[in-house]
>>> print(open('protein-v2.cif').read())   # mmCIF, C-alpha atoms and all ligand atoms
data_entry
#
loop_
_atom_site.label_atom_id
_atom_site.label_comp_id
_atom_site.auth_asym_id
_atom_site.auth_seq_id
_atom_site.Cartn_x
_atom_site.Cartn_y
_atom_site.Cartn_z
CA MET A 1 0.00 0.00 0.00
CA LYS A 2 1.04 3.59 -0.47
CA PHE A 3 1.07 4.87 3.08
CA ALA A 4 1.20 8.53 4.02
CA ASP A 5 4.75 9.74 4.79
CA ARG A 6 3.94 10.32 8.44
CA ILE A 7 3.43 6.60 9.01
CA SER A 8 7.17 6.04 8.58
CA ARG A 9 7.69 8.28 11.61
CA LEU A 10 5.30 6.46 13.92
CA GLY A 11 7.09 4.33 16.51
CA THR A 12 5.72 1.61 18.74
CA GLU A 13 5.99 -0.04 22.13
CA THR A 14 8.40 -2.93 21.62
CA ALA A 15 7.19 -4.36 24.93
CA PHE A 16 4.26 -5.72 22.92
CA ASP A 17 6.70 -7.58 20.59
CA VAL A 18 8.30 -9.26 23.59
CA LEU A 19 4.85 -10.13 24.92
CA ALA A 20 4.04 -11.81 21.58
CA LYS A 21 7.29 -13.85 21.81
CA VAL A 22 6.47 -14.84 25.39
CA ASN A 23 3.03 -16.04 24.34
CA GLU A 24 4.50 -17.96 21.40
CA LEU A 25 7.01 -19.73 23.67
CA LYS A 26 4.31 -20.50 26.23
CA ALA A 27 2.10 -21.94 23.46
CA GLN A 28 5.03 -24.27 22.61
CA GLY A 29 4.87 -25.52 26.20
CA LYS A 30 7.95 -23.62 27.46
CA SER A 31 7.99 -22.34 31.02
CA ILE A 32 8.48 -18.56 30.89
CA ILE A 33 8.57 -16.16 33.81
CA SER A 34 7.69 -12.72 32.56
CA PHE A 35 8.96 -9.48 34.03
CA SER A 36 8.10 -7.67 30.83
CA ILE A 37 4.54 -6.60 31.33
CA GLY A 38 3.66 -3.10 32.50
CA GLU A 39 0.37 -3.79 34.21
CA PRO A 40 -0.68 -4.85 37.72
CA ASP A 41 -1.14 -8.60 38.10
CA PHE A 42 -4.09 -7.93 40.43
CA ASN A 43 -7.71 -8.06 39.34
CA THR A 44 -9.91 -4.98 39.31
CA PRO A 45 -11.48 -4.69 42.81
CA GLU A 46 -14.98 -6.21 43.13
CA ASN A 47 -16.79 -2.94 43.96
CA ILE A 48 -15.48 -1.38 40.75
CA LYS A 49 -16.44 -4.39 38.62
CA LYS A 50 -19.91 -4.29 40.15
CA ALA A 51 -20.32 -0.60 39.34
CA GLY A 52 -19.43 -1.35 35.70
CA LYS A 53 -21.87 -4.28 35.54
CA ASP A 54 -24.64 -2.26 37.22
CA ALA A 55 -24.14 0.51 34.67
CA ILE A 56 -24.60 -1.98 31.83
CA ASP A 57 -27.76 -3.31 33.51
CA ARG A 58 -29.07 0.28 33.74
CA ASN A 59 -28.45 0.49 30.00
CA GLU A 60 -25.64 3.01 30.35
CA THR A 61 -24.51 1.77 26.97
CA HIS A 62 -25.05 4.85 24.80
CA TYR A 63 -22.97 7.82 23.66
CA LYS A 64 -21.84 10.20 26.39
CA PRO A 65 -20.37 13.73 26.24
CA ALA A 66 -17.04 13.67 24.36
CA ASN A 67 -15.08 15.04 27.34
CA GLY A 68 -16.63 12.58 29.83
CA ILE A 69 -19.78 12.47 31.95
CA PRO A 70 -20.06 15.50 34.27
CA GLU A 71 -20.29 13.34 37.43
CA LEU A 72 -16.97 11.64 36.64
CA ARG A 73 -15.24 14.92 35.79
CA GLU A 74 -16.46 16.36 39.10
CA VAL A 75 -15.07 13.38 41.05
CA ILE A 76 -11.76 13.62 39.20
CA ALA A 77 -11.54 17.35 40.02
CA GLN A 78 -12.32 16.68 43.69
CA LYS A 79 -9.94 13.71 44.08
CA SER A 80 -7.21 15.53 42.19
CA PHE A 81 -7.57 18.43 44.63
CA GLU A 82 -7.20 16.01 47.56
CA LEU A 83 -4.12 14.41 46.00
CA ARG A 84 -2.39 17.44 44.51
CA GLY A 85 -3.75 20.37 46.51
CA VAL A 86 -4.65 22.26 43.34
CA LYS A 87 -8.19 23.53 42.74
CA ILE A 88 -9.53 22.10 39.48
CA ASP A 89 -12.73 22.95 37.65
CA PRO A 90 -14.45 19.97 35.97
CA SER A 91 -14.21 21.90 32.67
CA GLU A 92 -10.42 21.40 32.92
CA VAL A 93 -10.81 17.60 32.91
CA VAL A 94 -11.03 15.49 29.74
CA VAL A 95 -11.83 11.77 30.03
CA THR A 96 -10.39 9.38 27.43
CA PRO A 97 -10.08 5.62 26.80
CA GLY A 98 -6.90 5.25 28.88
CA ALA A 99 -4.19 7.79 29.66
CA LYS A 100 -2.44 7.26 26.31
CA PRO A 101 -4.94 9.28 24.23
CA ILE A 102 -4.19 12.31 26.41
CA LEU A 103 -0.54 12.10 25.35
CA PHE A 104 -1.56 11.71 21.71
CA HIS A 105 -4.22 14.41 21.57
CA THR A 106 -2.46 17.09 23.62
CA MET A 107 0.72 16.70 21.60
CA HIS A 108 -1.34 17.02 18.41
CA ALA A 109 -2.90 20.15 19.84
CA LEU A 110 0.41 21.77 20.84
CA VAL A 111 3.31 20.59 18.67
CA ASN A 112 3.96 22.23 15.31
CA GLU A 113 6.46 20.92 12.76
CA GLY A 114 9.94 21.80 14.05
CA ASP A 115 8.83 22.57 17.61
CA GLU A 116 11.20 21.09 20.13
CA VAL A 117 9.86 18.71 22.73
CA ILE A 118 12.12 17.67 25.58
CA TYR A 119 11.26 14.26 27.02
CA VAL A 120 12.78 11.96 29.59
CA ASN A 121 15.01 9.24 28.16
CA PRO A 122 14.89 6.37 28.99
CA GLY A 123 11.14 6.82 29.00
CA PHE A 124 7.74 5.57 27.93
CA PRO A 125 8.35 5.03 24.18
CA ILE A 126 5.11 6.68 23.10
CA TYR A 127 6.51 10.14 23.93
CA GLU A 128 9.26 9.89 21.30
CA SER A 129 6.98 8.15 18.82
CA VAL A 130 4.34 10.88 18.83
CA ILE A 131 6.89 13.73 18.71
CA ASN A 132 8.39 12.15 15.58
CA PHE A 133 4.97 11.48 14.10
CA LEU A 134 4.16 15.18 14.35
CA ASN A 135 7.50 16.14 12.79
CA GLY A 136 8.46 17.83 16.02
CA LYS A 137 12.07 17.70 17.13
CA PRO A 138 12.61 15.12 19.88
CA VAL A 139 15.10 16.36 22.47
CA PRO A 140 15.96 13.59 24.95
CA LEU A 141 16.63 14.55 28.56
CA PRO A 142 18.96 11.87 29.94
CA LEU A 143 18.01 10.32 33.26
CA VAL A 144 21.16 8.87 34.73
CA GLU A 145 21.91 6.32 37.40
CA GLU A 146 24.32 8.66 39.23
CA LYS A 147 21.34 10.94 39.91
CA GLU A 148 19.16 7.96 40.88
CA PHE A 149 17.30 8.49 37.58
CA SER A 150 15.92 11.88 38.57
CA CYS A 151 16.75 14.76 36.25
CA ASP A 152 19.87 16.88 36.16
CA ILE A 153 18.77 20.52 36.05
CA ASP A 154 22.00 21.77 34.45
CA THR A 155 21.56 19.26 31.63
CA LEU A 156 17.95 20.38 31.17
CA LYS A 157 19.00 24.05 31.04
CA LYS A 158 21.36 23.29 28.16
CA LEU A 159 18.59 21.64 26.13
CA ILE A 160 16.20 24.59 26.24
CA THR A 161 16.03 26.83 23.15
CA PRO A 162 13.54 29.46 21.92
CA ARG A 163 11.80 26.62 20.02
CA THR A 164 11.17 24.50 23.13
CA LYS A 165 7.41 24.08 23.27
CA LEU A 166 6.88 21.24 25.70
CA LEU A 167 8.68 19.19 28.34
CA ILE A 168 7.43 15.71 29.19
CA ILE A 169 8.18 14.36 32.67
CA ASN A 170 7.02 11.17 34.35
CA SER A 171 7.26 10.60 38.08
CA PRO A 172 7.27 7.91 39.45
CA HIS A 173 9.01 6.80 36.32
CA ASN A 174 8.65 4.01 33.80
CA PRO A 175 11.12 2.28 33.26
CA THR A 176 13.57 3.23 36.05
CA GLY A 177 11.31 3.53 39.10
CA GLY A 178 12.98 6.89 39.80
CA SER A 179 11.08 9.94 40.96
CA LEU A 180 11.42 13.71 40.95
CA SER A 181 11.79 15.50 44.28
CA ARG A 182 10.01 18.71 45.20
CA SER A 183 13.21 20.67 44.62
CA ASP A 184 13.70 19.08 41.15
CA LEU A 185 10.13 20.05 40.29
CA GLU A 186 10.61 23.61 41.57
CA ALA A 187 13.70 24.00 39.43
CA ILE A 188 11.88 22.61 36.36
CA ALA A 189 8.91 24.90 37.05
CA GLY A 190 11.24 27.92 37.24
CA LEU A 191 12.63 27.05 33.80
CA ALA A 192 9.16 26.46 32.30
CA MET A 193 7.99 29.88 33.47
CA LYS A 194 11.20 31.67 32.48
CA HIS A 195 11.32 30.15 28.98
CA ASP A 196 7.57 29.90 28.49
CA PHE A 197 7.04 26.23 27.67
CA TYR A 198 4.36 23.75 28.71
CA VAL A 199 4.91 20.71 30.90
CA MET A 200 3.19 17.39 30.42
CA SER A 201 3.36 15.58 33.73
CA ASP A 202 2.63 11.88 33.37
CA GLU A 203 1.41 10.88 36.82
CA VAL A 204 -0.15 7.46 36.12
CA TYR A 205 1.99 5.82 38.83
CA HIS A 206 1.23 8.37 41.57
CA ARG A 207 -0.15 5.77 44.00
CA PHE A 208 3.08 3.79 43.91
CA CYS A 209 5.50 6.07 45.78
CA PHE A 210 7.29 3.90 48.31
CA ASP A 211 9.64 6.02 50.34
CA SER A 212 8.28 9.54 50.12
CA LYS A 213 5.08 11.39 49.41
CA PHE A 214 3.93 11.93 45.81
CA GLU A 215 4.90 15.36 44.45
CA THR A 216 3.47 17.12 41.41
CA ILE A 217 4.71 20.10 39.41
CA SER A 218 1.12 21.31 39.02
CA SER A 219 1.03 22.48 42.65
CA ILE A 220 3.89 24.94 42.21
CA PRO A 221 2.47 28.48 41.97
CA GLY A 222 2.15 29.57 38.34
CA MET A 223 2.33 26.03 36.94
CA LYS A 224 -1.30 24.98 36.79
CA GLU A 225 -1.77 27.25 33.76
CA ARG A 226 1.00 25.50 31.81
CA THR A 227 0.71 21.90 33.01
CA ILE A 228 -1.11 18.94 31.49
CA ILE A 229 -1.55 16.18 34.07
CA VAL A 230 -1.85 12.66 32.63
CA ASP A 231 -3.62 10.19 34.91
CA GLY A 232 -6.09 7.32 34.91
CA CYS A 233 -7.38 4.13 36.47
CA SER A 234 -5.17 1.63 34.59
CA LYS A 235 -2.40 1.32 37.16
CA THR A 236 -4.00 2.67 40.36
CA TYR A 237 -6.98 0.32 40.23
CA ALA A 238 -5.66 -2.50 38.00
CA MET A 239 -7.99 -1.46 35.18
CA THR A 240 -5.76 -1.55 32.08
CA GLY A 241 -8.35 -3.35 29.96
CA TRP A 242 -11.24 -1.07 30.87
CA ARG A 243 -9.58 1.80 29.01
CA ILE A 244 -10.16 4.79 31.23
CA GLY A 245 -7.87 7.74 31.79
CA TRP A 246 -7.96 11.51 31.84
CA GLY A 247 -6.04 14.70 31.42
CA ILE A 248 -6.22 17.83 33.57
CA MET A 249 -5.29 20.90 31.55
CA PRO A 250 -6.13 24.56 30.93
CA GLN A 251 -9.74 24.92 29.78
CA GLU A 252 -8.73 26.34 26.40
CA LEU A 253 -6.69 23.21 25.67
CA ALA A 254 -9.44 20.95 27.10
CA LYS A 255 -11.80 22.32 24.44
CA VAL A 256 -9.37 21.50 21.64
CA VAL A 257 -8.67 18.02 23.01
CA THR A 258 -12.45 17.45 23.22
CA ARG A 259 -12.69 18.34 19.52
CA MET A 260 -9.91 15.81 18.83
CA ILE A 261 -11.98 13.16 20.66
CA ILE A 262 -15.09 14.03 18.64
CA ASN A 263 -12.97 13.32 15.56
CA SER A 264 -11.42 10.11 16.88
CA ASP A 265 -13.31 8.25 19.64
CA SER A 266 -16.63 10.15 20.10
CA CYS A 267 -16.43 9.34 23.80
CA THR A 268 -15.14 6.86 26.38
CA ALA A 269 -17.33 3.78 27.02
CA ALA A 270 -20.20 4.78 29.29
CA PHE A 271 -20.12 1.85 31.75
CA THR A 272 -16.36 2.23 32.10
CA GLN A 273 -16.88 5.81 33.23
CA TYR A 274 -19.34 4.68 35.92
CA ALA A 275 -16.82 2.09 37.08
CA ALA A 276 -14.23 4.90 37.31
CA ILE A 277 -16.56 6.95 39.54
CA GLU A 278 -16.69 4.00 41.94
CA ALA A 279 -12.92 3.51 41.66
CA LEU A 280 -12.28 7.09 42.73
CA ARG A 281 -15.08 7.56 45.23
CA GLY A 282 -15.33 4.06 46.71
CA ASP A 283 -13.21 2.08 49.13
CA GLN A 284 -9.49 2.58 48.41
CA SER A 285 -8.18 -0.29 50.54
CA GLU A 286 -7.59 -2.75 47.65
CA SER A 287 -5.54 -0.17 45.77
CA TYR A 288 -3.45 0.65 48.85
CA LYS A 289 -2.95 -3.07 49.55
CA MET A 290 -1.63 -3.44 46.01
CA ALA A 291 0.80 -0.56 46.62
CA GLU A 292 2.00 -2.22 49.87
CA GLU A 293 2.56 -5.49 48.02
CA PHE A 294 4.54 -3.73 45.28
CA LYS A 295 6.77 -2.18 47.93
CA ALA A 296 7.49 -5.59 49.48
CA ARG A 297 8.24 -7.02 46.03
CA ARG A 298 10.51 -4.08 45.24
CA ASP A 299 12.58 -4.90 48.32
CA LEU A 300 12.65 -8.59 47.37
CA ILE A 301 13.65 -8.12 43.72
CA VAL A 302 16.30 -5.45 44.43
CA GLY A 303 17.95 -7.78 46.96
CA LEU A 304 17.93 -10.73 44.57
CA LEU A 305 19.26 -8.69 41.63
CA ASN A 306 22.15 -7.33 43.68
CA ASP A 307 23.05 -10.90 44.52
CA ILE A 308 23.81 -11.68 40.85
CA LYS A 309 27.42 -11.25 39.77
CA GLY A 310 27.70 -8.34 37.31
CA VAL A 311 24.30 -6.82 38.16
CA LYS A 312 23.80 -3.62 40.20
CA CYS A 313 20.36 -2.37 41.09
CA LEU A 314 19.24 0.84 42.79
CA LYS A 315 16.34 0.76 45.19
CA ALA A 316 13.57 2.09 42.92
CA LYS A 317 11.41 4.74 44.55
CA GLY A 318 8.13 4.06 42.83
CA ALA A 319 6.00 2.58 40.01
CA PHE A 320 6.50 -1.21 39.72
CA TYR A 321 9.77 -1.38 37.81
CA VAL A 322 13.46 -1.80 38.52
CA PHE A 323 16.20 -0.85 36.07
CA PRO A 324 19.37 -2.71 37.00
CA ASN A 325 22.75 -1.90 35.48
CA VAL A 326 23.87 -5.04 33.63
CA THR A 327 27.01 -3.68 31.98
CA GLU A 328 29.33 -6.11 33.73
CA ALA A 329 26.99 -9.07 33.20
CA CYS A 330 26.90 -8.30 29.45
CA ARG A 331 30.69 -8.06 29.38
CA ASN A 332 31.14 -11.33 31.28
CA LEU A 333 28.77 -13.10 28.90
CA GLY A 334 30.37 -11.58 25.79
CA PHE A 335 27.24 -9.64 24.77
CA LYS A 336 27.47 -6.37 22.89
CA ASP A 337 24.39 -4.89 24.59
CA SER A 338 21.39 -5.54 26.80
CA ARG A 339 19.34 -6.52 23.75
CA GLU A 340 21.50 -9.63 23.41
CA LEU A 341 21.07 -10.27 27.13
CA GLN A 342 17.28 -9.91 26.74
CA ASP A 343 17.23 -12.63 24.04
CA TYR A 344 19.61 -14.88 25.99
CA LEU A 345 17.48 -14.68 29.12
CA LEU A 346 14.30 -15.35 27.19
CA TYR A 347 15.49 -18.26 25.07
CA LYS A 348 18.02 -19.89 27.41
CA ALA A 349 16.61 -19.15 30.86
CA GLY A 350 12.90 -18.70 30.20
CA VAL A 351 12.87 -15.21 31.73
CA ALA A 352 11.37 -12.24 29.90
CA VAL A 353 12.85 -8.78 30.56
CA LEU A 354 13.05 -5.64 28.41
CA SER A 355 16.31 -4.11 27.21
CA ARG A 356 17.26 -0.43 27.55
CA THR A 357 16.40 0.42 23.96
CA CYS A 358 12.74 -0.56 24.43
CA PHE A 359 12.63 2.83 26.17
CA GLY A 360 14.31 5.06 23.59
CA SER A 361 17.64 5.26 21.82
CA LYS A 362 20.70 5.53 23.99
CA ASN A 363 21.72 9.09 24.93
CA VAL A 364 24.93 10.59 23.56
CA GLY A 365 27.83 9.21 25.60
CA GLU A 366 25.66 6.59 27.34
CA LYS A 367 27.89 3.55 27.81
CA ASP A 368 26.19 1.44 30.44
CA GLU A 369 23.68 -1.32 29.77
CA TYR A 370 20.35 -1.70 31.53
CA ILE A 371 17.27 -3.91 31.52
CA ARG A 372 13.80 -3.28 32.92
CA LEU A 373 12.01 -5.77 35.11
CA SER A 374 8.39 -5.26 36.05
CA TYR A 375 7.62 -6.81 39.42
CA ALA A 376 3.89 -6.91 38.78
CA THR A 377 4.11 -10.64 39.30
CA SER A 378 3.91 -12.86 42.40
CA ARG A 379 6.73 -13.18 44.95
CA GLU A 380 7.05 -16.90 44.04
CA GLN A 381 7.56 -15.97 40.38
CA ILE A 382 10.08 -13.30 41.38
CA VAL A 383 12.10 -15.81 43.42
CA GLU A 384 12.02 -18.46 40.68
CA GLY A 385 12.72 -15.96 37.87
CA LEU A 386 15.67 -14.43 39.69
CA LYS A 387 17.07 -17.89 40.46
CA ARG A 388 16.99 -18.65 36.73
CA MET A 389 18.58 -15.30 35.91
CA LYS A 390 21.38 -15.76 38.45
CA ASP A 391 22.14 -19.20 37.12
CA ALA A 392 22.10 -18.09 33.45
CA ILE A 393 24.20 -14.96 34.05
CA GLU A 394 26.78 -16.61 36.29
CA ASN A 395 27.11 -19.82 34.21
CA LYS A 396 26.89 -19.14 30.48
CA ARG A 397 25.13 -21.78 28.38
N1 LIG A 401 2.19 6.59 30.82
C1 LIG A 401 3.09 5.70 31.26
C2 LIG A 401 4.36 6.17 31.84
C3 LIG A 401 2.83 4.33 31.16
O1 LIG A 401 3.75 3.44 31.60
C4 LIG A 401 1.61 3.91 30.59
C5 LIG A 401 1.31 2.47 30.41
O2 LIG A 401 2.14 1.60 30.46
C6 LIG A 401 0.70 4.88 30.16
C7 LIG A 401 1.02 6.22 30.28
C8 LIG A 401 -0.59 4.51 29.49
O3 LIG A 401 -1.58 4.12 30.37
P1 LIG A 401 -3.03 3.68 29.87
O4 LIG A 401 -3.06 2.19 29.86
O5 LIG A 401 -3.98 4.25 30.89
O6 LIG A 401 -3.27 4.24 28.51
#
>>> encode(input="protein-v2.cif", output="structure tokens")
Amino acid sequence: MKFADRISRLGTETAFDVLAKVNELKAQGKSIISFSIGEPDFNTPENIKKAGKDAIDRNETHYKPANGIPELREVIAQKSFELRGVKIDPSEVVVTPGAKPILFHTMHALVNEGDEVIYVNPGFPIYESVINFLNGKPVPLPLVEEKEFSCDIDTLKKLITPRTKLLIINSPHNPTGGSLSRSDLEAIAGLAMKHDFYVMSDEVYHRFCFDSKFETISSIPGMKERTIIVDGCSKTYAMTGWRIGWGIMPQELAKVVTRMIINSDSCTAAFTQYAAIEALRGDQSESYKMAEEFKARRDLIVGLLNDIKGVKCLKAKGAFYVFPNVTEACRNLGFKDSRELQDYLLYKAGVAVLSRTCFGSKNVGEKDEYIRLSYATSREQIVEGLKRMKDAIENKR
């Protein structure tokens, strides 16, 4: 087919390729332990499922307003105020099928050809993909291990130019588990206001902050007007398949994003929105229990990784990922990069992990090798998977 030129610039999430390989190997009867998947292994809590089913039984199965039903937008505004301490009007909330469409639509609304967009790298691969798709200029902001994968403000300063339109941050962070401190956010906010650019703050992992309280750039005076908050139910309430997320943004932008939705999705599924109202307003104990369990697994997996020769792992601060440095392990095994280690672990040890480049191209001068492990899997699987990894890394097959 003769595709439009822009299609050649559209990237993907290679995590889905690894998932396909895992499923193929499992179908062949192989035992695979997967640390590749970026979704909670818990089920959606019962009260939320019931709210969704009740909505279907009430025949809430028709079109709804493109920006979301008013009751849900009100709850989001209220709960966001409780979490972030920033007053939000429901007209500043746009509901979408998952958090991803907020990234897609707001970037379409803001980024012109040639506009520079700074984004965290390593990072969620969709950021870079959409910037390229729009013919914007992707400007990676390196997150480095020496800074515990938070951002280096001097490096950021050097990347800003008069064409900088948008900065994308994500805290707690996929894939490193790092997070931005209040002082990092204050410094970033100062730069955004001085140089007049917008900030997209991807906060989908806000419930999973293990050692300190969640911080958001939107609560810094002067920032609400230039911040787009990306959030949703996928991670917080184990609802990835329901497809429900939202953005909180200036009203002017919310109107444009709503028009984008009218052109693309019409609206988010009605019963899903009622389930989200229950998720936000109802009992939070299941979600907090999940966060507690992730913290215990973080401690377990970090300990086991650091016990493997040639692997060094920081204690991740949030989300449900760890990003160990495997430079020495790659060297010992004779691998050129973590991609080769990824394949070796999958095919020889039956362990699925994702290599560094699943999260963006390496930064200039980046020499170390990393892999991402998601610990959204049971403690038994973590123990067994790490035993296999230790054996495969320490005794080459
Ligand atoms: N942002 C980040 C950083 C993510 O890791 C993900 C999902 O993996 C998303 C956004 C998308 O979430 P959703 O499933 O709600 O579209």
>>> closest_atom_pairs(input="protein-v2.cif", of="stretch 188-237 of chain A", to="stretch 257-277 of chain A", cutoff="12 Å", atoms="all atoms listed in the file", output="CSV")
residue,atom,partner,partner_atom,distance
A:Ile228,CA,A:Val257,CA,11.4
A:Gly232,CA,A:Ala276,CA,8.8
A:Cys233,CA,A:Ala276,CA,6.9
A:Ser234,CA,A:Ala276,CA,10.0
A:Thr236,CA,A:Ala276,CA,10.9
A:Tyr237,CA,A:Ala276,CA,9.1
>>> atom_distance(input="protein-v2.cif", atom1="atom CA of A:Pro324", atom2="atom CA of A:Val311")
6.5 Å
>>> closest_residue(input="protein-v2.cif", among="A:Leu373, A:Ala316, A:Leu180, A:Leu305", to="A:Asp391", atoms="only C-alpha atoms")
A:Leu305
>>> atom_distance(input="protein-v2.cif", atom1="atom CA of A:Leu185", atom2="atom CA of A:Ala376")
27.7 Å
>>> closest_residue(input="protein-v2.cif", among="A:Pro45, A:Pro162, A:Pro172, A:Gly178", to="ligand LIG 401 (chain A)", atoms="all atoms listed in the file")
A:Pro172
>>> closest_atom_pairs(input="protein-v2.cif", of="chain A", to="ligand LIG 401 (chain A)", cutoff="7 Å", atoms="all atoms listed in the file", output="JSON lines")
{"residue": "A:Gly38", "atom": "CA", "partner": "A:LIG401", "partner_atom": "O2", "distance": 5.3}
{"residue": "A:Glu39", "atom": "CA", "partner": "A:LIG401", "partner_atom": "O2", "distance": 6.8}
{"residue": "A:Gly98", "atom": "CA", "partner": "A:LIG401", "partner_atom": "O5", "distance": 3.7}
{"residue": "A:Ala99", "atom": "CA", "partner": "A:LIG401", "partner_atom": "O5", "distance": 3.8}
{"residue": "A:Lys100", "atom": "CA", "partner": "A:LIG401", "partner_atom": "O6", "distance": 3.8}
{"residue": "A:Pro101", "atom": "CA", "partner": "A:LIG401", "partner_atom": "O6", "distance": 6.8}
{"residue": "A:Phe124", "atom": "CA", "partner": "A:LIG401", "partner_atom": "C2", "distance": 5.2}
{"residue": "A:Asn170", "atom": "CA", "partner": "A:LIG401", "partner_atom": "C2", "distance": 6.2}
{"residue": "A:His173", "atom": "CA", "partner": "A:LIG401", "partner_atom": "C2", "distance": 6.5}
{"residue": "A:Asn174", "atom": "CA", "partner": "A:LIG401", "partner_atom": "C2", "distance": 5.2}
{"residue": "A:Asp202", "atom": "CA", "partner": "A:LIG401", "partner_atom": "N1", "distance": 5.9}
{"residue": "A:Val204", "atom": "CA", "partner": "A:LIG401", "partner_atom": "N1", "distance": 5.9}
{"residue": "A:Gly232", "atom": "CA", "partner": "A:LIG401", "partner_atom": "O5", "distance": 5.5}
{"residue": "A:Cys233", "atom": "CA", "partner": "A:LIG401", "partner_atom": "O5", "distance": 6.5}
{"residue": "A:Ser234", "atom": "CA", "partner": "A:LIG401", "partner_atom": "O5", "distance": 4.7}
{"residue": "A:Thr240", "atom": "CA", "partner": "A:LIG401", "partner_atom": "O4", "distance": 5.1}
{"residue": "A:Arg243", "atom": "CA", "partner": "A:LIG401", "partner_atom": "O5", "distance": 6.4}
{"residue": "A:Ile244", "atom": "CA", "partner": "A:LIG401", "partner_atom": "O5", "distance": 6.2}
{"residue": "A:Gly245", "atom": "CA", "partner": "A:LIG401", "partner_atom": "O5", "distance": 5.3}
>>> closest_residue(input="protein-v2.cif", among="A:Glu252, A:Asp299, A:Asp307, A:Glu394", to="A:Val94", atoms="only C-alpha atoms")
A:Glu252
>>> closest_residue(input="protein-v2.cif", among="A:Ser8, A:Asn23, A:Asn47, A:Ser355", to="A:Gln284", atoms="all atoms listed in the file")
A:Asn47
>>> closest_residue(input="protein-v2.cif", among="A:Leu159, A:Glu71, A:Arg207, A:Pro221", to="A:Ser285", atoms="only C-alpha atoms")
A:Arg207
>>> closest_residue(input="protein-v2.cif", among="A:Ile48, A:Ile220, A:Leu103, A:Ala392", to="A:Ala238", atoms="only C-alpha atoms")
A:Ile48
>>> residues_around(input="protein-v2.cif", residues="stretch 212-219 of chain A", least_positions_apart="5", cutoff="7 Å", atoms="only C-alpha atoms", output="PyMOL selection string")
chain A and resi 84-86+181-182+185+189+206+224+227
>>> residues_around(input="protein-v2.cif", residues="A:Asp343", least_positions_apart="6", cutoff="10 Å", atoms="all atoms listed in the file", output="list in words")
Val18, Ala349, Gly350, Val351, Ala352, Val353, Leu354 and Ser355 of chain A
>>> atom_distance(input="protein-v2.cif", atom1="atom CA of A:Asn325", atom2="atom CA of A:Asn363")
15.3 Å
>>> residues_around(input="protein-v2.cif", residues="A:Arg331", least_positions_apart="3", cutoff="12 Å", atoms="all atoms listed in the file", output="PyMOL selection string")
chain A and resi 309-311+325-328+334-338+340-341+368-369+393-394+396
>>> residues_around(input="protein-v2.cif", residues="A:Pro250", least_positions_apart="5", cutoff="10 Å", atoms="all atoms listed in the file", output="list in words")
Ile88, Asp89, Ser91, Glu92, Val93, Lys224, Glu225, Arg226, Thr227, Ile228 and Lys255 of chain A
>>> residues_around(input="protein-v2.cif", residues="A:Phe133", least_positions_apart="3", cutoff="8 Å", atoms="all atoms listed in the file", output="PyMOL selection string")
chain A and resi 6-7+9-11+129-130+136
